[in-house]
Amino acid sequence: MRKSVLASVFFLCLFAPSLAAYSQTTASLQVSVVDQNGDLVLAPTARLIDEKQKSFASRSSAPGQLYFQNIAVGLYRLEITVAGFQPVSYEVKIVSGINRLRIQLKVAERNESVVVSLDPQEKALDEPSAIF
């Protein structure tokens, strides 16, 4: 019994520093993406890019909710795109543990033009007729 206790203490002392280091250098990021009214948006797409330009894709389990898990502590650029909204890019400092953000998007401006013209029958009616 004493040997098993000593073995347990030995392994705990051996692996405890690496577990503590792992827990301090990894993190997660939870992002809520909302519109101008505060409502969650459907199907947001996000990328998290580290200082070495390595890109991480998000997971989503609910509308407007994005998750990045097991990421290293450090500085990142978060890019979010959603159809019909202006894309956004933020600098984000990730610390150990769970990081939470709420991002509010603005509706994208749409410029549309409409050209109105007469169809051939309307043009014929609009032209002066020649009287003989």
# chains A, B, ... in the order shown; residues from 1 in each chain; ligands from 1
>>> residues_around(residues="stretch 68-78 of chain A", least_positions_apart="4", cutoff="12 Å", atoms="only C-alpha atoms", output="ChimeraX atom specification")
/A:21-32,45-61,87-101,103
